[in-house]
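Here the structure comes first, spelled out in structure tokens, and everything after it is commentary.
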Amino acid sequence: MAVWQSEPGATLLVPSGPGGLHLFIVVLGPVVLPAYGPSPQTAMVSITSIRSGVPHDAACEVNAGDHPFIHHPSYVAYRYIRLDPAAHVELMVSRGVWTVHAPCSPQLLDRVVAGARTSRLMPREFRVLFAER
């Protein structure tokens, strides 16, 4: 079996929150970011269900068919972007803590990255990571 490697568009099922597993999309990395030291970093955003009557970030909404894991209206929760050392992400996958899922399409990745640039909920420290992509 080949060793999984982080790359934009890769997706993982990560245990998080009260709902169990969330789909995370790798949006950046692995890349060395000077402010985070010499180790390559991976940035991931999660997909969260849209709930009736609950406000959500509309910068990038996704629907059933946009990815095999998505079965109902959802959105990218930029507020919860993760930045992890690429080695840590790969270790979590190799240990089976995080599960590899089907990669997202290039079109979905483009939408997710575009939303990262416009989301008012994207933390400022991470917004600059998407200015040039």
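By order in the structure tokens, chains are A, B, ...; within a chain, residues start at 1; ligands start at 1, following the order shown.
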message: Which residues are near Asp84 of chain A? Cut-off 8 Å, only C-alpha atoms, ignore same chain within fewer than 3 positions. Put them as a PyMOL selection string.
response: chain A and resi 41-43+88-89
task: Just the residues within 9 Å of Gly115 of chain A, please, counting only C-alpha atoms, with nothing from its chain fewer than 6 positions along; format it as a VMD selection string.
output: chain A and resid 58 to 61 76 78
Export of prior selection with N, CA and C atoms as a PDB file, in the first residue's frame:
```pdb
ATOM      1  N   ALA A  58     -21.690  31.713   4.280  1.00  0.00           N
ATOM      2  CA  ALA A  58     -22.150  31.432   2.919  1.00  0.00           C
ATOM      3  C   ALA A  58     -21.055  31.615   1.869  1.00  0.00           C
ATOM      4  N   ALA A  59     -19.804  31.790   2.282  1.00  0.00           N
ATOM      5  CA  ALA A  59     -18.722  32.016   1.321  1.00  0.00           C
ATOM      6  C   ALA A  59     -18.537  30.837   0.373  1.00  0.00           C
ATOM      7  N   CYS A  60     -18.826  29.616   0.852  1.00  0.00           N
ATOM      8  CA  CYS A  60     -18.734  28.436  -0.016  1.00  0.00           C
ATOM      9  C   CYS A  60     -19.715  27.377   0.490  1.00  0.00           C
ATOM     10  N   GLU A  61     -20.865  27.338  -0.147  1.00  0.00           N
ATOM     11  CA  GLU A  61     -21.849  26.308   0.169  1.00  0.00           C
ATOM     12  C   GLU A  61     -21.639  25.131  -0.779  1.00  0.00           C
ATOM     13  N   VAL A  76     -18.488  25.317   3.915  1.00  0.00           N
ATOM     14  CA  VAL A  76     -17.115  25.244   4.402  1.00  0.00           C
ATOM     15  C   VAL A  76     -17.017  26.134   5.639  1.00  0.00           C
ATOM     16  N   TYR A  78     -14.855  27.955   7.445  1.00  0.00           N
ATOM     17  CA  TYR A  78     -13.528  28.581   7.427  1.00  0.00           C
ATOM     18  C   TYR A  78     -13.078  28.987   8.825  1.00  0.00           C
TER      19      TYR A  78
END
```
- prompt: Using the chain letters and numbers from this document, which residues of segment 4-132 of chain A does DSSP assign to strand (DSSP E), as a ChimeraX atom specification?
  reply: /A:11-15,21-32,40-49,61-62,74-85,99-101
Among the residues A:Tyr75, A:Tyr80, A:Phe24, A:Tyr36, the one that comes closest to Cys104 of chain A [using only C-alpha atoms]: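 For Cys104 of chain A, the nearest of the candidates is A:Phe24.
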task: Find the spatial neighbours of Ala116 of chain A, counting only C-alpha atoms, within a cut-off of 7 Å - ignore same-chain residues fewer than 4 positions away - and output them as number ranges by chain.
output: A: 78, 112, 122, 127, 130
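Comparing A:Glu7, A:Gly65, A:Ser119, A:Val14 by their smallest distance to Met92 of chain A, the closest is A:Val14 (using only C-alpha atoms).
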